[in-house]
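Data first, discussion second: the structure below is written as structure tokens.
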Amino acid sequence: MAEEFFIQGNEACAKGAIAAGCRFFAGYPITPSTEVAETLARELPKVGGSFVQMEDEIASAGAIIGGSWGGAKSMTATSGPGISLMQENIGYAFISETPIVIVDVQRGSPSTAQPTMAAQGDMMQARWGSHGDYEPIALSPSSVQEFFDFTIKAFNLAEEYRCPVFVMADEVIGHMREKIVVEDDIEIVARKRPEKTDDYLPFENIENGTTPMPAFGDGFNVHVTGLTHDERGYPDTNNPETHDKLIQRICDKVLNNRDKICSVKSKGCEDADIVIVSYGGPVRSVIEAAAQARADGKKVGYVKIDTPWPFPDEQLEELTASAKDVLVVEMNLGQMYYEVDRVCKRDANVHLMGKIGGLLPTPDEILEQIDKIGGN
Amino acid sequence: MSEPKQNRFLPYMREDRLPHIFCPGCGNGAIINAFLAAMEKAGMDFDNIAMVSGIGCSSRIPGYLKCDSLHTTHGRALSFATGLKTANKDLDVVVFTGDGDAASIGGNHLIHAARRNINLTVICINNNIYGMTGGQISPTSPKGSFGTTAPYGNQDAPFKLAELVAAAGATYSARWTTVQIENLVLAIKAGLENPGFSFIEVATQCPTYFGRKNKLRTPTAMAAVMKANTVYKSAADRMSAKELEGKIVVGEFANTTKDEFTENIDKISVEKSGKKTVINSAFETEL
Amino acid sequence: MRTEIRIGGFGGQGVILAGIILGKSACLFDGKEAVQTQSYGPEARGGASKCEVVISDSEIDYPKVLNPDIFIAMSNEALIKYIGDLKDNGTLIVDPTTTDVEDVREFIDEHNIDVYEAPATKTATDEIGLKIVANIVMVGAITKITKVISKEAAIKAIEDSVPKGTEEKNIKAFEAGYALVE
């Protein structure tokens, strides 16, 4: 029997984590994500899971990587200042191909700026935050239900591609309460144990893919390092070819599976003159604005990006094919805008409606932008 | 001619990774031997040991041992180890770290891991210098010692690590040197057997950097100075601060019992779910 | 139909819980849609507190309240601060113990506001003997006055939201609030 709850986004995220099989959480209190930690502190012991409040966010990111190699699906949740601190260990998770889930409930930034206000200023932190080349997966929920669903999806993708996955929420979605429906047949991707054979390589060069990982204690005597390593996991730092192969594969396993990973939702794009592109909290206002514009006789459609990373180039290109103008609505001064511009600029004028300050753009504010673009 | 004698600990090594990167005269080899001897003495199952390390010369040790090993970021080994041990408390988790790794960049993690009394055995190889990056001073460099970043002599007071960790709440803390291998073996054994946070500081020689910068060019010269400056804790307790200047105090600084971190988590799990925390829950199949 | 509700008071009065109960009633027990949001300040207690609920028969996109149809003021500070957002012909419910409706008389008259006085604090203190259930008394009054949620749904939502063992007192508080207005 499906169950219904009227809960906060952050609580839904915690519920989703447990449903996905998360049994280890390490974190540090930070507004506006703290309810994720508080809920898991209460709920994890009820399912035999472990909750640890670490000394800081650096330690939290380290602990969940350790937890993942210890055989537990592991997660942390934080906000801007914390995501900044976690970056080095997040890079470690990418190069060591460790499945973890990082939830970022974004707030006004940079620095400590606006702890209780919404923003989407960390989108490039998810993309480029750690040093070096890697291809992240990130999901952005636009409702409490999606915060639940996307947290589960994040765990599934992390296991499938053996990599960190971000859930890039924002204060609006994290703190608001809505109804969620929890179905009883949720699809969960469990970790596959490798076969114990003489030629097992924990970092095998598989085209567009990755090899199953064992847990520590399974008897594989695996060596995991943040240094450039060969297929056995042994450091091989001065060999250009080893580095190229490793990093290329880590990128390719995500990039070359974009058709499976990328997800968008859209409405009214087929004949649209103007397509609004958005993700996360602002989508709520975009849907209302687009409907109003249609009712007013304007050919306006919208694209909601579920997976900002990897960026859904193909889907966006197709959905904006008829558009003369594309309007990006986001709560920063232009981050995903540059991605949209890269994809759409050949055939359309790409405009930015970047709102900072902490409040969701209103449907009226978006309609004003549509009017401006439409030359009214 | 007879075959050269093989080190009896070779079966524990990843032979396909040898030769190692350690300099001639480095103390790391002796410490690896001491660790493996202590492990055998403690009757521990090598296959159940998982090692975690940070960045630095000493942090390369786990990579040469044939066990699960997590070679992590600089200073953060203890946070990774905390996650690993919490996720699977049946593992015997050993951390190899150095003075810069554990006490400078990782200082906060060190005191918090000690405070939690999590069952980890930490072997901190203290050579008073950053070796891997080429001889910069560390938080344990003696006042007045030289390094590439202290060309006019180190002005800062050093940390006393074993004392610091004992004060932070560890249930076992000791310091020995590479010239007292027997004591070191016993201390590591005690640390492995202690069901809580155990910290074994090993004062060691780095002839390549500390020695060269401080007019102690050979390993033997360094060992001799170390030996001459060693004072047992029992004697040190009766000495003044002035008398202890430049001395290495050896012995145990904590040896006690307290609640252990992962057992406390288990207790809450039993209370709330009726069973201990689940292990290897990520996998679809049992091992 | 979309109904926007704002409840304003000071921290510790339970205005957030009152809003949660409204939202929960609507979407778990009345078959409607609801979104609840709130303001977060650094103060833990005593500061201004604001809770908003949108209730609708259809899917709610924009989740925030801009111009409430219904405004419940449980402190005079909130009354003065938020009255200006209330829609023309909107509904204002005040607790006379903690507010002075005369302070906003001009707005009420100009915008044709329907004003109700629901002495929630006094009722909670005198009838239930527990000042802290004033918020639940107010939920009773809101239910009766606005009919934005059903009485049955409200009772189920209260049982589902209040600490175990306090259900009876809270239902009593709700009934007392429901009986306050005709």
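For the structure tokens, the naming scheme is as follows: chains receive sequential letters (A, B, ...) according to their order of presentation, residues are indexed from 1 within each chain, and ligands are indexed from 1 in presentation order.
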**Message:** Should the cut-off be 8 Å, what would the residue list for chain A against chain C look like, counting only C-alpha atoms, as a list in words?
**Reply:** Glu4, Phe5, Phe6, Thr116, His175, Met176, Arg177, Glu178, Lys179, Arg284, Ser285, Ile287, Glu288, Thr362 and Pro363 of chain A
Give one line per residue of chain A that approaches chain B to at most 8 Å, naming the two atoms of the closest pair and their distance in Å to one decimal, counting only C-alpha atoms; sort by chain then ascending residue number and deliver it as JSON lines.
{"residue": "A:Gly21", "atom": "CA", "partner": "B:Ala282", "partner_atom": "CA", "distance": 6.8}
{"residue": "A:Cys22", "atom": "CA", "partner": "B:Ala282", "partner_atom": "CA", "distance": 7.8}
{"residue": "A:Arg23", "atom": "CA", "partner": "B:Ser281", "partner_atom": "CA", "distance": 7.3}
{"residue": "A:Phe24", "atom": "CA", "partner": "B:Ala87", "partner_atom": "CA", "distance": 6.7}
{"residue": "A:Ala26", "atom": "CA", "partner": "B:Gly83", "partner_atom": "CA", "distance": 7.8}
{"residue": "A:Pro45", "atom": "CA", "partner": "B:Ser269", "partner_atom": "CA", "distance": 4.6}
{"residue": "A:Lys46", "atom": "CA", "partner": "B:Ser273", "partner_atom": "CA", "distance": 4.5}
{"residue": "A:Val47", "atom": "CA", "partner": "B:Ser273", "partner_atom": "CA", "distance": 5.8}
{"residue": "A:Gly48", "atom": "CA", "partner": "B:Thr277", "partner_atom": "CA", "distance": 4.2}
{"residue": "A:Gly49", "atom": "CA", "partner": "B:Thr277", "partner_atom": "CA", "distance": 5.5}
{"residue": "A:Ser50", "atom": "CA", "partner": "B:Ile265", "partner_atom": "CA", "distance": 6.6}
{"residue": "A:Phe51", "atom": "CA", "partner": "B:Ile265", "partner_atom": "CA", "distance": 7.9}
{"residue": "A:Glu55", "atom": "CA", "partner": "B:His112", "partner_atom": "CA", "distance": 6.8}
{"residue": "A:Ile58", "atom": "CA", "partner": "B:Arg76", "partner_atom": "CA", "distance": 7.8}
{"residue": "A:Ala59", "atom": "CA", "partner": "B:Ser79", "partner_atom": "CA", "distance": 4.9}
{"residue": "A:Ser60", "atom": "CA", "partner": "B:Ser79", "partner_atom": "CA", "distance": 7.2}
{"residue": "A:Gly62", "atom": "CA", "partner": "B:Phe80", "partner_atom": "CA", "distance": 4.6}
{"residue": "A:Ala63", "atom": "CA", "partner": "B:Gly83", "partner_atom": "CA", "distance": 3.9}
{"residue": "A:Ile64", "atom": "CA", "partner": "B:Gly83", "partner_atom": "CA", "distance": 5.7}
{"residue": "A:Ile65", "atom": "CA", "partner": "B:Phe80", "partner_atom": "CA", "distance": 6.3}
{"residue": "A:Gly66", "atom": "CA", "partner": "B:Leu84", "partner_atom": "CA", "distance": 4.2}
{"residue": "A:Gly67", "atom": "CA", "partner": "B:Gly83", "partner_atom": "CA", "distance": 4.3}
{"residue": "A:Ser68", "atom": "CA", "partner": "B:Leu84", "partner_atom": "CA", "distance": 7.4}
{"residue": "A:Trp69", "atom": "CA", "partner": "B:Leu84", "partner_atom": "CA", "distance": 6.6}
{"residue": "A:Gly70", "atom": "CA", "partner": "B:Leu84", "partner_atom": "CA", "distance": 4.8}
{"residue": "A:Gly71", "atom": "CA", "partner": "B:Asn280", "partner_atom": "CA", "distance": 4.2}
{"residue": "A:Ala72", "atom": "CA", "partner": "B:Ala282", "partner_atom": "CA", "distance": 4.9}
{"residue": "A:Lys73", "atom": "CA", "partner": "B:Ala282", "partner_atom": "CA", "distance": 5.2}
{"residue": "A:Glu88", "atom": "CA", "partner": "B:Thr73", "partner_atom": "CA", "distance": 7.6}
{"residue": "A:Asn89", "atom": "CA", "partner": "B:Thr73", "partner_atom": "CA", "distance": 6.8}
{"residue": "A:Tyr92", "atom": "CA", "partner": "B:Thr73", "partner_atom": "CA", "distance": 7.2}
{"residue": "A:Ala190", "atom": "CA", "partner": "B:Glu284", "partner_atom": "CA", "distance": 5.0}
{"residue": "A:Arg191", "atom": "CA", "partner": "B:Phe283", "partner_atom": "CA", "distance": 4.4}
{"residue": "A:Lys192", "atom": "CA", "partner": "B:Phe283", "partner_atom": "CA", "distance": 5.9}
{"residue": "A:Arg193", "atom": "CA", "partner": "B:Phe283", "partner_atom": "CA", "distance": 6.6}
{"residue": "A:Ala215", "atom": "CA", "partner": "B:Asn280", "partner_atom": "CA", "distance": 7.2}
{"residue": "A:Phe216", "atom": "CA", "partner": "B:Asp68", "partner_atom": "CA", "distance": 5.7}
{"residue": "A:Gly217", "atom": "CA", "partner": "B:Asn48", "partner_atom": "CA", "distance": 6.0}
{"residue": "A:Asp218", "atom": "CA", "partner": "B:Leu287", "partner_atom": "CA", "distance": 7.2}
{"residue": "A:Gly219", "atom": "CA", "partner": "B:Asp47", "partner_atom": "CA", "distance": 6.8}
{"residue": "A:Phe220", "atom": "CA", "partner": "B:Asp68", "partner_atom": "CA", "distance": 7.1}
{"residue": "A:Asn221", "atom": "CA", "partner": "B:Asp68", "partner_atom": "CA", "distance": 4.2}
{"residue": "A:Val222", "atom": "CA", "partner": "B:Asp68", "partner_atom": "CA", "distance": 4.8}
{"residue": "A:His223", "atom": "CA", "partner": "B:Ser69", "partner_atom": "CA", "distance": 4.8}
{"residue": "A:Val224", "atom": "CA", "partner": "B:Leu70", "partner_atom": "CA", "distance": 4.8}
{"residue": "A:Thr225", "atom": "CA", "partner": "B:His71", "partner_atom": "CA", "distance": 4.6}
{"residue": "A:Gly226", "atom": "CA", "partner": "B:Thr72", "partner_atom": "CA", "distance": 6.1}
{"residue": "A:Tyr234", "atom": "CA", "partner": "B:Gly63", "partner_atom": "CA", "distance": 7.7}
**Item:** Which of segment 153-248 of chain B DSSP labels strand (DSSP E or B), written as an NGL selection string
**Value:** :B and (172-177 or 198-203 or 230-232 or 248)
**Prompt:** Rounded to one decimal in Å, what is the spacing between atom CA of Gly31 of chain C and atom CA of Lys147 of chain C?
**Reply:**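 Separation of atom CA of Gly31 of chain C and atom CA of Lys147 of chain C: 14.3 Å.
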**Request:** Give the helix (DSSP H, G or I) residues of segment 82-241 of chain B, as assigned by DSSP on the backbone, as a ChimeraX atom specification.
**Result:** /B:82-87,99-105,107-116,161-168,181-193,207-213,219-229,233-236,241
**Message:** List the spatial neighbours of Asn28 of chain B as a PyMOL selection string - criterion: any atom at most 12 Å away, only C-alpha atoms, same-chain residues fewer than 6 positions off excluded.
**Reply:** chain B and resi 20-22+34-35+56-62+64+96-98+123-127+131+177-178+181+202-207
Would you mind exporting the chosen residues as a short mmCIF file (atom, residue, chain, number, x, y, z; two decimals), in the first residue's frame, restricted to C-alpha atoms?
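Once written, again-v5.cif looks like this:
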data_model
loop_
_atom_site.label_atom_id
_atom_site.label_comp_id
_atom_site.auth_asym_id
_atom_site.auth_seq_id
_atom_site.Cartn_x
_atom_site.Cartn_y
_atom_site.Cartn_z
CA HIS B 20 59.28 0.74 -2.36
CA ILE B 21 59.87 4.47 -2.54
CA PHE B 22 61.42 4.93 0.91
CA ALA B 34 57.40 -3.73 14.18
CA PHE B 35 53.75 -3.48 13.16
CA GLY B 56 53.11 11.73 3.17
CA CYS B 57 55.91 9.17 3.26
CA SER B 58 54.43 7.18 6.16
CA SER B 59 51.03 7.19 4.48
CA ARG B 60 52.50 5.13 1.65
CA ILE B 61 52.96 2.12 3.95
CA PRO B 62 49.48 0.59 3.54
CA TYR B 64 52.78 -2.03 0.24
CA PHE B 96 49.27 5.03 9.26
CA THR B 97 49.99 8.71 9.36
CA GLY B 98 52.79 11.21 9.89
CA ILE B 123 50.55 4.65 14.09
CA CYS B 124 51.92 8.13 13.75
CA ILE B 125 55.40 8.19 12.31
CA ASN B 126 56.94 11.40 13.54
CA ASN B 127 60.06 12.46 11.68
CA GLY B 131 59.68 14.44 3.76
CA THR B 177 61.36 5.58 18.86
CA THR B 178 62.87 3.47 16.12
CA ILE B 181 61.80 -1.54 18.54
CA VAL B 202 57.02 6.64 16.72
CA ALA B 203 59.85 9.15 16.72
CA THR B 204 61.90 8.29 13.68
CA GLN B 205 64.79 9.47 11.57
CA CYS B 206 64.57 11.17 8.21
CA PRO B 207 68.21 11.33 7.19
#
**Message:** Just checking: using only C-alpha atoms, which residue out of A:Gln125, A:Ser140, A:Ser130, A:Asn156 ends up closest to Ala17 of chain A?
**Reply:**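 Looking at the shortest contact to Ala17 of chain A, the residue is A:Asn156.
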**Item:** Residue nearest Arg217 of chain B - candidates B:Glu260, B:Gly25, B:Asn194, B:Lys143, atoms counted: only C-alpha atoms
**Value:**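 The closest residue to Arg217 of chain B is B:Gly25.
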**Item:** Residue neighbourhood segment 254-261 of chain A, 12 Å, only C-alpha atoms, exclusion window fewer than 6 positions, as number ranges by chain
**Value:** A: 94, 97, 134-139, 153-154, 156-158, 160-165, 207-210, 247-248, 305-315
Prev. selection, N, CA, C and O atoms, output as a compact mmCIF listing (two decimals), in the first residue's frame:
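Okay, result_26.txt is ready:
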# COMPACT_ATOMS: atom_id res chain seq x y z
N PHE A 94 35.64 10.89 -6.88
CA PHE A 94 35.59 10.71 -8.34
C PHE A 94 36.74 9.84 -8.83
O PHE A 94 36.52 8.89 -9.58
N GLU A 97 36.44 6.32 -7.70
CA GLU A 97 35.18 5.73 -8.15
C GLU A 97 34.38 5.14 -6.98
O GLU A 97 34.06 3.95 -6.95
N TYR A 134 36.56 15.70 -14.37
CA TYR A 134 35.63 14.62 -14.01
C TYR A 134 34.26 15.03 -14.50
O TYR A 134 34.05 16.18 -14.87
N GLU A 135 33.35 14.09 -14.57
CA GLU A 135 31.99 14.38 -15.05
C GLU A 135 31.00 14.01 -13.96
O GLU A 135 30.75 12.83 -13.72
N PRO A 136 30.44 15.00 -13.30
CA PRO A 136 29.51 14.69 -12.22
C PRO A 136 28.09 14.40 -12.72
O PRO A 136 27.74 14.78 -13.84
N ILE A 137 27.34 13.75 -11.87
CA ILE A 137 25.90 13.62 -12.09
C ILE A 137 25.23 14.45 -11.00
O ILE A 137 25.61 14.36 -9.83
N ALA A 138 24.27 15.29 -11.40
CA ALA A 138 23.54 16.09 -10.41
C ALA A 138 22.06 16.11 -10.77
O ALA A 138 21.70 16.18 -11.95
N LEU A 139 21.22 16.05 -9.75
CA LEU A 139 19.77 16.09 -9.92
C LEU A 139 19.23 17.29 -9.17
O LEU A 139 19.72 17.61 -8.09
N LYS A 153 16.95 8.12 -6.73
CA LYS A 153 17.59 8.04 -8.05
C LYS A 153 19.10 8.29 -7.93
O LYS A 153 19.90 7.66 -8.61
N ALA A 154 19.46 9.23 -7.06
CA ALA A 154 20.88 9.55 -6.87
C ALA A 154 21.65 8.33 -6.37
O ALA A 154 22.75 8.03 -6.84
N ASN A 156 20.77 5.23 -6.81
CA ASN A 156 20.80 4.25 -7.90
C ASN A 156 21.87 4.58 -8.93
O ASN A 156 22.61 3.70 -9.38
N LEU A 157 21.95 5.87 -9.28
CA LEU A 157 22.96 6.28 -10.27
C LEU A 157 24.37 6.12 -9.69
O LEU A 157 25.29 5.71 -10.41
N ALA A 158 24.53 6.43 -8.41
CA ALA A 158 25.85 6.30 -7.77
C ALA A 158 26.33 4.86 -7.84
O ALA A 158 27.49 4.58 -8.12
N GLU A 160 25.17 2.51 -9.98
CA GLU A 160 25.27 2.08 -11.37
C GLU A 160 26.58 2.54 -12.00
O GLU A 160 27.22 1.80 -12.73
N TYR A 161 26.97 3.78 -11.70
CA TYR A 161 28.16 4.33 -12.36
C TYR A 161 29.36 4.43 -11.42
O TYR A 161 30.40 4.96 -11.79
N ARG A 162 29.21 3.96 -10.19
CA ARG A 162 30.30 3.97 -9.20
C ARG A 162 30.91 5.36 -9.11
O ARG A 162 32.10 5.55 -9.37
N CYS A 163 30.10 6.33 -8.76
CA CYS A 163 30.60 7.70 -8.69
C CYS A 163 29.76 8.53 -7.73
O CYS A 163 28.66 8.11 -7.36
N PRO A 164 30.28 9.68 -7.31
CA PRO A 164 29.47 10.57 -6.48
C PRO A 164 28.30 11.12 -7.29
O PRO A 164 28.44 11.36 -8.49
N VAL A 165 27.17 11.30 -6.65
CA VAL A 165 26.02 11.94 -7.30
C VAL A 165 25.52 13.05 -6.37
O VAL A 165 25.38 12.85 -5.16
N GLU A 207 35.13 -0.04 -21.35
CA GLU A 207 34.67 1.08 -22.16
C GLU A 207 33.31 1.58 -21.67
O GLU A 207 32.37 0.79 -21.53
N ASN A 208 33.22 2.87 -21.42
CA ASN A 208 31.99 3.52 -20.97
C ASN A 208 31.40 2.91 -19.71
O ASN A 208 30.20 3.00 -19.49
N GLY A 209 32.22 2.27 -18.93
CA GLY A 209 31.62 1.62 -17.78
C GLY A 209 32.56 1.51 -16.61
O GLY A 209 33.60 2.16 -16.55
N THR A 210 32.17 0.68 -15.70
CA THR A 210 32.96 0.49 -14.50
C THR A 210 32.76 -0.92 -13.99
O THR A 210 31.75 -1.55 -14.29
N ILE A 247 41.37 8.86 -16.37
CA ILE A 247 40.50 10.03 -16.31
C ILE A 247 39.49 10.02 -17.46
O ILE A 247 38.32 10.34 -17.30
N GLN A 248 39.97 9.61 -18.63
CA GLN A 248 39.07 9.50 -19.78
C GLN A 248 37.93 8.54 -19.49
O GLN A 248 36.77 8.81 -19.78
N ILE A 305 14.77 21.05 -16.26
CA ILE A 305 15.91 20.14 -16.28
C ILE A 305 15.98 19.38 -14.96
O ILE A 305 16.17 19.97 -13.89
N ASP A 306 15.81 18.07 -15.01
CA ASP A 306 15.91 17.23 -13.81
C ASP A 306 17.38 16.99 -13.46
O ASP A 306 17.73 16.84 -12.30
N THR A 307 18.21 16.88 -14.50
CA THR A 307 19.62 16.52 -14.32
C THR A 307 20.51 17.61 -14.92
O THR A 307 20.91 17.53 -16.07
N PRO A 308 20.82 18.64 -14.13
CA PRO A 308 21.72 19.68 -14.66
C PRO A 308 23.06 19.10 -15.13
O PRO A 308 23.64 19.59 -16.09
N TRP A 309 23.53 18.07 -14.45
CA TRP A 309 24.79 17.43 -14.86
C TRP A 309 24.60 15.93 -14.97
O TRP A 309 24.06 15.37 -14.04
N PRO A 310 25.04 15.29 -16.03
CA PRO A 310 25.57 15.90 -17.25
C PRO A 310 24.48 16.71 -17.94
O PRO A 310 23.31 16.33 -17.92
N PHE A 311 24.87 17.81 -18.55
CA PHE A 311 23.89 18.72 -19.13
C PHE A 311 23.18 18.05 -20.31
O PHE A 311 23.83 17.45 -21.17
N PRO A 312 21.85 18.15 -20.36
CA PRO A 312 21.09 17.44 -21.39
C PRO A 312 21.10 18.15 -22.75
O PRO A 312 20.07 18.62 -23.22
N ASP A 313 22.24 18.22 -23.37
CA ASP A 313 22.40 18.93 -24.66
C ASP A 313 21.35 18.53 -25.68
O ASP A 313 20.63 19.37 -26.24
N GLU A 314 21.27 17.22 -25.95
CA GLU A 314 20.42 16.72 -27.04
C GLU A 314 18.95 17.06 -26.80
O GLU A 314 18.27 17.56 -27.69
N GLN A 315 18.49 16.75 -25.57
CA GLN A 315 17.09 17.01 -25.25
C GLN A 315 16.76 18.50 -25.41
O GLN A 315 15.73 18.86 -25.97
**Contact residues around Phe174 of chain C with only C-alpha atoms at 9 Å, ignoring same-chain residues under 5 positions, as a VMD selection string** = chain C and resid 133 135 to 141 154 to 155 158 169 179
**Request:** Go through C:Ala120, C:Ile132, C:Ile93, C:Met1 and flag the residue nearest Ile108 of chain C, using only C-alpha atoms for the distances.
**Result:**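 Between C:Ala120, C:Ile132, C:Ile93, C:Met1, the residue approaching Ile108 of chain C most closely is C:Ile93.
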**Polymer residues at most 9 Å from Leu192 of chain B, only C-alpha atoms, same-chain spacing of 6 or more positions, as number ranges by chain** = B: 38-39, 42, 44, 92, 94, 119-121, 198
**Non-local contacts of segment 157-169 of chain B (6 Å; only C-alpha atoms; under 2 positions in same chain excluded) as a PyMOL selection string** = chain B and resi 111+114-115+139-143+173-174+254
**Item:** Interatomic distance (Å, one decimal) between atom CA of Gly14 of chain C and atom CA of Gly84 of chain C
**Value:**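 It comes out at 22.9 Å.
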